[in-house]
>>> print(open('data07.pdb').read())   # PDB, C-alpha atoms
MODEL        1
ATOM      1  CA  MET A   1     403.902  55.800 153.947
ATOM      2  CA  GLY A   2     407.507  55.875 152.914
ATOM      3  CA  GLY A   3     409.637  52.774 152.727
ATOM      4  CA  GLY A   4     409.934  50.667 155.857
ATOM      5  CA  GLY A   5     406.986  52.341 157.534
ATOM      6  CA  VAL A   6     408.724  55.712 157.734
ATOM      7  CA  ILE A   7     406.325  58.674 157.826
ATOM      8  CA  ARG A   8     407.253  61.392 155.366
ATOM      9  CA  LEU A   9     406.386  64.631 157.160
ATOM     10  CA  LEU A  10     406.303  68.112 155.640
ATOM     11  CA  ILE A  11     406.236  70.989 158.134
ATOM     12  CA  ALA A  12     404.887  74.406 157.126
ATOM     13  CA  ALA A  13     404.833  77.385 159.486
ATOM     14  CA  PRO A  14     404.993  81.149 158.918
ATOM     15  CA  SER A  15     407.803  81.911 161.369
ATOM     16  CA  ALA A  16     411.315  80.500 161.486
ATOM     17  CA  ILE A  17     410.966  79.925 165.231
ATOM     18  CA  ALA A  18     407.815  77.830 164.796
ATOM     19  CA  ARG A  19     409.382  75.843 161.951
ATOM     20  CA  ALA A  20     412.516  75.171 163.992
ATOM     21  CA  GLY A  21     410.457  74.056 167.000
ATOM     22  CA  LEU A  22     408.295  71.650 165.021
ATOM     23  CA  GLU A  23     411.284  70.334 163.077
ATOM     24  CA  SER A  24     413.121  69.658 166.335
ATOM     25  CA  ILE A  25     410.135  67.716 167.710
ATOM     26  CA  ALA A  26     409.808  65.593 164.569
ATOM     27  CA  ALA A  27     413.545  65.019 164.137
ATOM     28  CA  ALA A  28     413.774  63.607 167.653
ATOM     29  CA  ALA A  29     411.182  60.929 166.876
ATOM     30  CA  ASN A  30     411.910  57.562 165.329
ATOM     31  CA  GLY A  31     410.434  56.713 161.950
ATOM     32  CA  ILE A  32     409.791  60.244 160.685
ATOM     33  CA  ASP A  33     411.499  61.774 157.650
ATOM     34  CA  VAL A  34     411.203  65.562 157.900
ATOM     35  CA  ALA A  35     411.063  68.301 155.259
ATOM     36  CA  VAL A  36     410.266  71.967 155.902
ATOM     37  CA  ALA A  37     408.411  74.640 153.916
ATOM     38  CA  ALA A  38     408.276  78.339 154.720
ATOM     39  CA  GLY A  39     404.572  78.941 155.336
ATOM     40  CA  LEU A  40     401.588  78.049 153.206
ATOM     41  CA  ALA A  41     402.389  80.167 150.154
ATOM     42  CA  GLY A  42     403.070  77.694 147.361
ATOM     43  CA  ILE A  43     402.368  74.747 149.647
ATOM     44  CA  ALA A  44     400.815  72.698 146.820
ATOM     45  CA  ALA A  45     404.124  72.850 144.925
ATOM     46  CA  GLU A  46     406.020  71.865 148.078
ATOM     47  CA  VAL A  47     403.709  68.872 148.530
ATOM     48  CA  ASP A  48     404.290  67.820 144.916
ATOM     49  CA  ARG A  49     408.027  68.141 145.481
ATOM     50  CA  HIS A  50     408.328  66.236 148.768
ATOM     51  CA  GLN A  51     405.368  63.801 148.436
ATOM     52  CA  PRO A  52     404.697  63.730 152.202
ATOM     53  CA  ASP A  53     402.363  61.333 153.988
ATOM     54  CA  VAL A  54     401.436  64.074 156.452
ATOM     55  CA  LEU A  55     401.502  67.870 156.250
ATOM     56  CA  LEU A  56     401.890  69.516 159.661
ATOM     57  CA  ALA A  57     400.849  73.142 159.192
ATOM     58  CA  ALA A  58     400.819  75.910 161.796
ATOM     59  CA  VAL A  59     399.000  79.219 161.442
ATOM     60  CA  GLU A  60     399.480  82.361 163.510
ATOM     61  CA  GLY A  61     397.086  85.051 164.704
ATOM     62  CA  HIS A  62     393.335  84.497 164.754
ATOM     63  CA  PRO A  63     392.138  83.819 161.184
ATOM     64  CA  ASP A  64     388.388  83.888 160.601
ATOM     65  CA  GLU A  65     388.438  80.635 158.632
ATOM     66  CA  PRO A  66     390.814  77.772 157.822
ATOM     67  CA  PRO A  67     393.528  78.713 155.301
ATOM     68  CA  GLU A  68     392.254  78.405 151.763
ATOM     69  CA  GLU A  69     395.540  76.817 150.672
ATOM     70  CA  LEU A  70     394.911  73.882 153.011
ATOM     71  CA  MET A  71     391.202  73.632 152.199
ATOM     72  CA  SER A  72     392.008  73.342 148.485
ATOM     73  CA  LEU A  73     394.859  70.923 149.070
ATOM     74  CA  ALA A  74     392.733  68.616 151.249
ATOM     75  CA  GLY A  75     390.327  68.038 148.351
ATOM     76  CA  ARG A  76     393.009  66.947 145.894
ATOM     77  CA  ASP A  77     393.499  63.329 144.859
ATOM     78  CA  GLY A  78     396.483  61.875 146.673
ATOM     79  CA  ALA A  79     396.757  64.800 149.102
ATOM     80  CA  PRO A  80     398.673  64.148 152.330
ATOM     81  CA  ALA A  81     396.868  63.877 155.640
ATOM     82  CA  ILE A  82     396.786  67.408 157.034
ATOM     83  CA  VAL A  83     397.320  68.243 160.712
ATOM     84  CA  LEU A  84     396.568  71.907 161.384
ATOM     85  CA  LEU A  85     397.823  73.732 164.481
ATOM     86  CA  ALA A  86     395.907  76.928 165.251
ATOM     87  CA  PRO A  87     396.172  79.319 168.231
ATOM     88  CA  ASP A  88     392.453  79.847 168.685
ATOM     89  CA  LEU A  89     390.154  76.890 168.072
ATOM     90  CA  GLN A  90     386.557  77.608 167.146
ATOM     91  CA  PRO A  91     384.057  74.742 166.690
ATOM     92  CA  ALA A  92     382.609  76.130 163.451
ATOM     93  CA  TRP A  93     386.134  76.681 162.125
ATOM     94  CA  THR A  94     387.141  73.148 163.086
ATOM     95  CA  GLY A  95     383.987  71.633 161.587
ATOM     96  CA  GLU A  96     384.568  73.405 158.277
ATOM     97  CA  ALA A  97     388.151  72.161 158.115
ATOM     98  CA  LEU A  98     387.159  68.565 158.897
ATOM     99  CA  ARG A  99     384.404  68.616 156.265
ATOM    100  CA  ALA A 100     387.003  69.740 153.717
ATOM    101  CA  GLY A 101     389.118  66.692 154.508
ATOM    102  CA  ILE A 102     391.671  68.073 156.971
ATOM    103  CA  ARG A 103     392.467  65.260 159.420
ATOM    104  CA  ALA A 104     393.156  67.245 162.592
ATOM    105  CA  VAL A 105     392.690  70.774 163.928
ATOM    106  CA  LEU A 106     394.524  71.218 167.213
ATOM    107  CA  PRO A 107     395.794  73.980 169.523
ATOM    108  CA  GLY A 108     399.161  75.423 168.605
ATOM    109  CA  ASP A 109     400.469  75.038 172.148
ATOM    110  CA  LEU A 110     400.355  71.239 172.219
ATOM    111  CA  GLY A 111     403.334  69.406 173.653
ATOM    112  CA  ALA A 112     405.727  67.347 171.569
ATOM    113  CA  ARG A 113     404.092  64.090 172.590
ATOM    114  CA  GLU A 114     400.611  65.192 171.503
ATOM    115  CA  ILE A 115     401.872  66.593 168.189
ATOM    116  CA  LEU A 116     403.673  63.360 167.318
ATOM    117  CA  ALA A 117     400.620  61.308 168.317
ATOM    118  CA  ALA A 118     398.457  63.432 165.995
ATOM    119  CA  VAL A 119     400.918  63.007 163.119
ATOM    120  CA  GLU A 120     401.014  59.236 163.582
ATOM    121  CA  ALA A 121     397.219  59.011 163.846
ATOM    122  CA  ALA A 122     396.736  61.119 160.701
ATOM    123  CA  ALA A 123     399.264  58.971 158.823
ATOM    124  CA  ALA A 124     397.199  55.938 159.829
ATOM    125  CA  GLY A 125     394.080  57.498 158.308
ATOM    126  CA  LEU A 126     392.435  58.634 161.541
ATOM    127  CA  VAL A 127     390.724  61.930 162.328
ATOM    128  CA  VAL A 128     392.017  63.678 165.453
ATOM    129  CA  LEU A 129     389.920  66.016 167.587
ATOM    130  CA  HIS A 130     390.789  68.075 170.639
ATOM    131  CA  PRO A 131     388.546  67.345 173.657
ATOM    132  CA  GLN A 132     387.365  70.952 173.846
ATOM    133  CA  ASP A 133     385.796  70.630 170.381
ATOM    134  CA  LEU A 134     383.847  67.457 171.068
ATOM    135  CA  PRO A 135     380.743  68.941 172.783
ATOM    136  CA  ALA A 136     380.121  71.491 170.030
ATOM    137  CA  LEU A 137     380.772  69.090 167.164
ATOM    138  CA  ALA A 138     378.659  66.365 168.754
ATOM    139  CA  VAL A 139     375.509  68.478 168.531
ATOM    140  CA  GLU A 140     375.626  68.378 164.734
ATOM    141  CA  ARG A 141     372.922  65.916 163.763
ATOM    142  CA  PRO A 142     374.061  63.157 161.411
ATOM    143  CA  VAL A 143     372.834  63.326 157.857
ATOM    144  CA  VAL A 144     369.993  60.833 157.397
ATOM    145  CA  PRO A 145     369.657  59.598 153.833
ATOM    146  CA  PRO A 146     366.233  60.163 152.291
ATOM    147  CA  ALA A 147     364.013  57.122 151.902
ATOM    148  CA  SER A 148     364.438  57.287 148.133
ATOM    149  CA  ALA A 149     368.247  57.248 148.300
ATOM    150  CA  GLN A 150     369.939  54.332 146.549
ATOM    151  CA  PRO A 151     372.177  52.232 148.795
ATOM    152  CA  LEU A 152     375.802  51.718 147.805
ATOM    153  CA  SER A 153     376.807  48.290 146.601
ATOM    154  CA  PRO A 154     379.500  46.370 148.524
ATOM    155  CA  ARG A 155     382.000  47.266 145.797
ATOM    156  CA  GLU A 156     381.061  50.950 145.981
ATOM    157  CA  ILE A 157     381.499  50.921 149.758
ATOM    158  CA  GLN A 158     384.942  49.413 149.182
ATOM    159  CA  VAL A 159     385.792  52.172 146.678
ATOM    160  CA  LEU A 160     384.438  54.824 149.063
ATOM    161  CA  GLY A 161     386.819  53.542 151.727
ATOM    162  CA  MET A 162     389.695  53.936 149.278
ATOM    163  CA  LEU A 163     388.585  57.483 148.499
ATOM    164  CA  ALA A 164     388.776  58.187 152.236
ATOM    165  CA  GLU A 165     392.407  57.042 152.135
ATOM    166  CA  GLY A 166     393.127  59.536 149.359
ATOM    167  CA  TYR A 167     393.583  57.056 146.510
ATOM    168  CA  GLY A 168     393.111  58.229 142.921
ATOM    169  CA  ASN A 169     391.334  56.267 140.195
ATOM    170  CA  LYS A 170     394.527  54.580 138.943
ATOM    171  CA  THR A 171     395.450  53.317 142.402
ATOM    172  CA  ILE A 172     391.893  52.128 143.079
ATOM    173  CA  ALA A 173     391.874  50.265 139.769
ATOM    174  CA  TRP A 174     395.236  48.638 140.527
ATOM    175  CA  LYS A 175     394.268  47.593 144.052
ATOM    176  CA  LEU A 176     390.946  46.089 142.939
ATOM    177  CA  GLY A 177     392.264  44.534 139.733
ATOM    178  CA  ILE A 178     389.817  46.463 137.555
ATOM    179  CA  SER A 179     390.204  48.930 134.702
ATOM    180  CA  GLU A 180     390.606  52.635 135.383
ATOM    181  CA  HIS A 181     387.381  53.180 133.413
ATOM    182  CA  THR A 182     385.513  50.893 135.800
ATOM    183  CA  ALA A 183     387.038  52.673 138.786
ATOM    184  CA  LYS A 184     385.832  56.013 137.381
ATOM    185  CA  PHE A 185     382.369  54.507 136.887
ATOM    186  CA  HIS A 186     382.231  53.401 140.541
ATOM    187  CA  VAL A 187     383.335  56.845 141.766
ATOM    188  CA  ALA A 188     380.747  58.590 139.604
ATOM    189  CA  SER A 189     378.035  56.236 140.879
ATOM    190  CA  ILE A 190     379.054  56.922 144.488
ATOM    191  CA  LEU A 191     378.862  60.692 143.960
ATOM    192  CA  THR A 192     375.434  60.343 142.375
ATOM    193  CA  LYS A 193     373.995  58.051 145.043
ATOM    194  CA  LEU A 194     375.324  60.209 147.903
ATOM    195  CA  SER A 195     374.332  63.475 146.153
ATOM    196  CA  ALA A 196     377.914  64.635 146.619
ATOM    197  CA  GLY A 197     379.629  67.213 144.461
ATOM    198  CA  THR A 198     383.190  66.128 145.236
ATOM    199  CA  ARG A 199     385.115  63.120 146.501
ATOM    200  CA  THR A 200     385.769  64.905 149.786
ATOM    201  CA  GLU A 201     382.058  65.550 150.259
ATOM    202  CA  ALA A 202     381.301  61.892 149.463
ATOM    203  CA  VAL A 203     383.793  60.776 152.111
ATOM    204  CA  THR A 204     382.296  63.178 154.653
ATOM    205  CA  ILE A 205     378.784  61.867 153.957
ATOM    206  CA  GLY A 206     380.070  58.307 154.097
ATOM    207  CA  ILE A 207     381.573  58.907 157.542
ATOM    208  CA  ARG A 208     378.352  60.458 158.825
ATOM    209  CA  ARG A 209     376.288  57.540 157.538
ATOM    210  CA  GLY A 210     378.604  54.973 159.052
ATOM    211  CA  LEU A 211     379.777  53.668 155.672
ATOM    212  CA  ILE A 212     383.393  54.468 156.564
ATOM    213  CA  LEU A 213     384.943  53.539 159.877
ATOM    214  CA  ILE A 214     387.477  56.002 161.289
TER     215      ILE A 214
ENDMDL
END
>>> encode(input="data07.pdb", output="structure tokens")
Amino acid sequence: MGGGGVIRLLIAAPSAIARAGLESIAAAANGIDVAVAAGLAGIAAEVDRHQPDVLLAAVEGHPDEPPEELMSLAGRDGAPAIVLLAPDLQPAWTGEALRAGIRAVLPGDLGAREILAAVEAAAAGLVVLHPQDLPALAVERPVVPPASAQPLSPREIQVLGMLAEGYGNKTIAWKLGISEHTAKFHVASILTKLSAGTRTEAVTIGIRRGLILI
């Protein structure tokens, strides 16, 4: 987070009315520093510019899948926690977004209190779900590692937890007092042992296997 525990929040919404509404909600809260972007076009550049802790993004209409801009951003090293407001929640849609690393997918008509609670939870590293999504998402069976799978070492579990917090190799190395080369080695070993293609996928598998507490 920003200095003194302040949450740096970037708001992105396609309409000026939606942006103004969300900005008003955030500006009225204590401990939130607000910046605004006009929609998701060029959102990666806006994130690089403002360095937010949380990106609060709203979409309009009824898209068939989560916005690609957010899906790509969620998989980046050091990406902000993403809270997505959508008008029409679909369990498959929500599941896809969460697997990509988006922290929350919530109805667009939430009240100010719920929106702020979601922002604060996402900034704290939590995943936020709407109650209506729970039954459908709960039926997904957890991934059971094959008998031949290699367990992660205590150090690798520690590194996996840092990946879940969005830390890059340099930050992991600094926090653990190891070289960046060693940090890269641990990350590569984690990906191999979990049969994951990306850091985001490794985190998702780690959550499902109970290696990461959320």
>>> resolve_selection(input="data07.pdb", expression="the PyMOL selection byres ((chain A and resi 95-105) around 10)", output="PDB file with C-alpha atoms, in the frame of the given file")
ATOM      1  CA  VAL A  54     401.436  64.074 156.452  1.00  0.00           C
ATOM      2  CA  LEU A  55     401.502  67.870 156.250  1.00  0.00           C
ATOM      3  CA  LEU A  56     401.890  69.516 159.661  1.00  0.00           C
ATOM      4  CA  ALA A  57     400.849  73.142 159.192  1.00  0.00           C
ATOM      5  CA  ALA A  58     400.819  75.910 161.796  1.00  0.00           C
ATOM      6  CA  GLU A  65     388.438  80.635 158.632  1.00  0.00           C
ATOM      7  CA  PRO A  66     390.814  77.772 157.822  1.00  0.00           C
ATOM      8  CA  PRO A  67     393.528  78.713 155.301  1.00  0.00           C
ATOM      9  CA  GLU A  68     392.254  78.405 151.763  1.00  0.00           C
ATOM     10  CA  LEU A  70     394.911  73.882 153.011  1.00  0.00           C
ATOM     11  CA  MET A  71     391.202  73.632 152.199  1.00  0.00           C
ATOM     12  CA  SER A  72     392.008  73.342 148.485  1.00  0.00           C
ATOM     13  CA  LEU A  73     394.859  70.923 149.070  1.00  0.00           C
ATOM     14  CA  ALA A  74     392.733  68.616 151.249  1.00  0.00           C
ATOM     15  CA  GLY A  75     390.327  68.038 148.351  1.00  0.00           C
ATOM     16  CA  ARG A  76     393.009  66.947 145.894  1.00  0.00           C
ATOM     17  CA  ALA A  79     396.757  64.800 149.102  1.00  0.00           C
ATOM     18  CA  PRO A  80     398.673  64.148 152.330  1.00  0.00           C
ATOM     19  CA  ALA A  81     396.868  63.877 155.640  1.00  0.00           C
ATOM     20  CA  ILE A  82     396.786  67.408 157.034  1.00  0.00           C
ATOM     21  CA  VAL A  83     397.320  68.243 160.712  1.00  0.00           C
ATOM     22  CA  LEU A  84     396.568  71.907 161.384  1.00  0.00           C
ATOM     23  CA  LEU A  85     397.823  73.732 164.481  1.00  0.00           C
ATOM     24  CA  ALA A  86     395.907  76.928 165.251  1.00  0.00           C
ATOM     25  CA  LEU A  89     390.154  76.890 168.072  1.00  0.00           C
ATOM     26  CA  GLN A  90     386.557  77.608 167.146  1.00  0.00           C
ATOM     27  CA  PRO A  91     384.057  74.742 166.690  1.00  0.00           C
ATOM     28  CA  ALA A  92     382.609  76.130 163.451  1.00  0.00           C
ATOM     29  CA  TRP A  93     386.134  76.681 162.125  1.00  0.00           C
ATOM     30  CA  THR A  94     387.141  73.148 163.086  1.00  0.00           C
ATOM     31  CA  LEU A 106     394.524  71.218 167.213  1.00  0.00           C
ATOM     32  CA  PRO A 107     395.794  73.980 169.523  1.00  0.00           C
ATOM     33  CA  GLY A 108     399.161  75.423 168.605  1.00  0.00           C
ATOM     34  CA  ALA A 118     398.457  63.432 165.995  1.00  0.00           C
ATOM     35  CA  VAL A 119     400.918  63.007 163.119  1.00  0.00           C
ATOM     36  CA  ALA A 121     397.219  59.011 163.846  1.00  0.00           C
ATOM     37  CA  ALA A 122     396.736  61.119 160.701  1.00  0.00           C
ATOM     38  CA  ALA A 123     399.264  58.971 158.823  1.00  0.00           C
ATOM     39  CA  GLY A 125     394.080  57.498 158.308  1.00  0.00           C
ATOM     40  CA  LEU A 126     392.435  58.634 161.541  1.00  0.00           C
ATOM     41  CA  VAL A 127     390.724  61.930 162.328  1.00  0.00           C
ATOM     42  CA  VAL A 128     392.017  63.678 165.453  1.00  0.00           C
ATOM     43  CA  LEU A 129     389.920  66.016 167.587  1.00  0.00           C
ATOM     44  CA  HIS A 130     390.789  68.075 170.639  1.00  0.00           C
ATOM     45  CA  ASP A 133     385.796  70.630 170.381  1.00  0.00           C
ATOM     46  CA  ALA A 136     380.121  71.491 170.030  1.00  0.00           C
ATOM     47  CA  LEU A 137     380.772  69.090 167.164  1.00  0.00           C
ATOM     48  CA  GLU A 140     375.626  68.378 164.734  1.00  0.00           C
ATOM     49  CA  ALA A 164     388.776  58.187 152.236  1.00  0.00           C
ATOM     50  CA  GLY A 166     393.127  59.536 149.359  1.00  0.00           C
ATOM     51  CA  THR A 198     383.190  66.128 145.236  1.00  0.00           C
ATOM     52  CA  ARG A 199     385.115  63.120 146.501  1.00  0.00           C
ATOM     53  CA  THR A 200     385.769  64.905 149.786  1.00  0.00           C
ATOM     54  CA  GLU A 201     382.058  65.550 150.259  1.00  0.00           C
ATOM     55  CA  VAL A 203     383.793  60.776 152.111  1.00  0.00           C
ATOM     56  CA  THR A 204     382.296  63.178 154.653  1.00  0.00           C
ATOM     57  CA  ILE A 205     378.784  61.867 153.957  1.00  0.00           C
TER      58      ILE A 205
END
>>> resolve_selection(input="data07.pdb", expression="the PyMOL selection byres ((chain A and resi 21-35) around 12)", output="NGL selection string")
:A and (1-20 or 36-38 or 46-47 or 49-58 or 85 or 108-120 or 123)
>>> atom_distance(input="data07.pdb", atom1="atom CA of A:Leu176", atom2="atom CA of A:Ser195")
24.3 Å
>>> resolve_selection(input="data07.pdb", expression="the PyMOL selection byres ((chain A and resi 159) around 9)", output="ChimeraX atom specification")
/A:154-158,160-164,172,176,183,186-187,190
>>> closest_residue(input="data07.pdb", among="A:Gly61, A:Glu165, A:Ala188, A:Glu69", to="A:Gly39", atoms="all atoms listed in the file")
A:Glu69
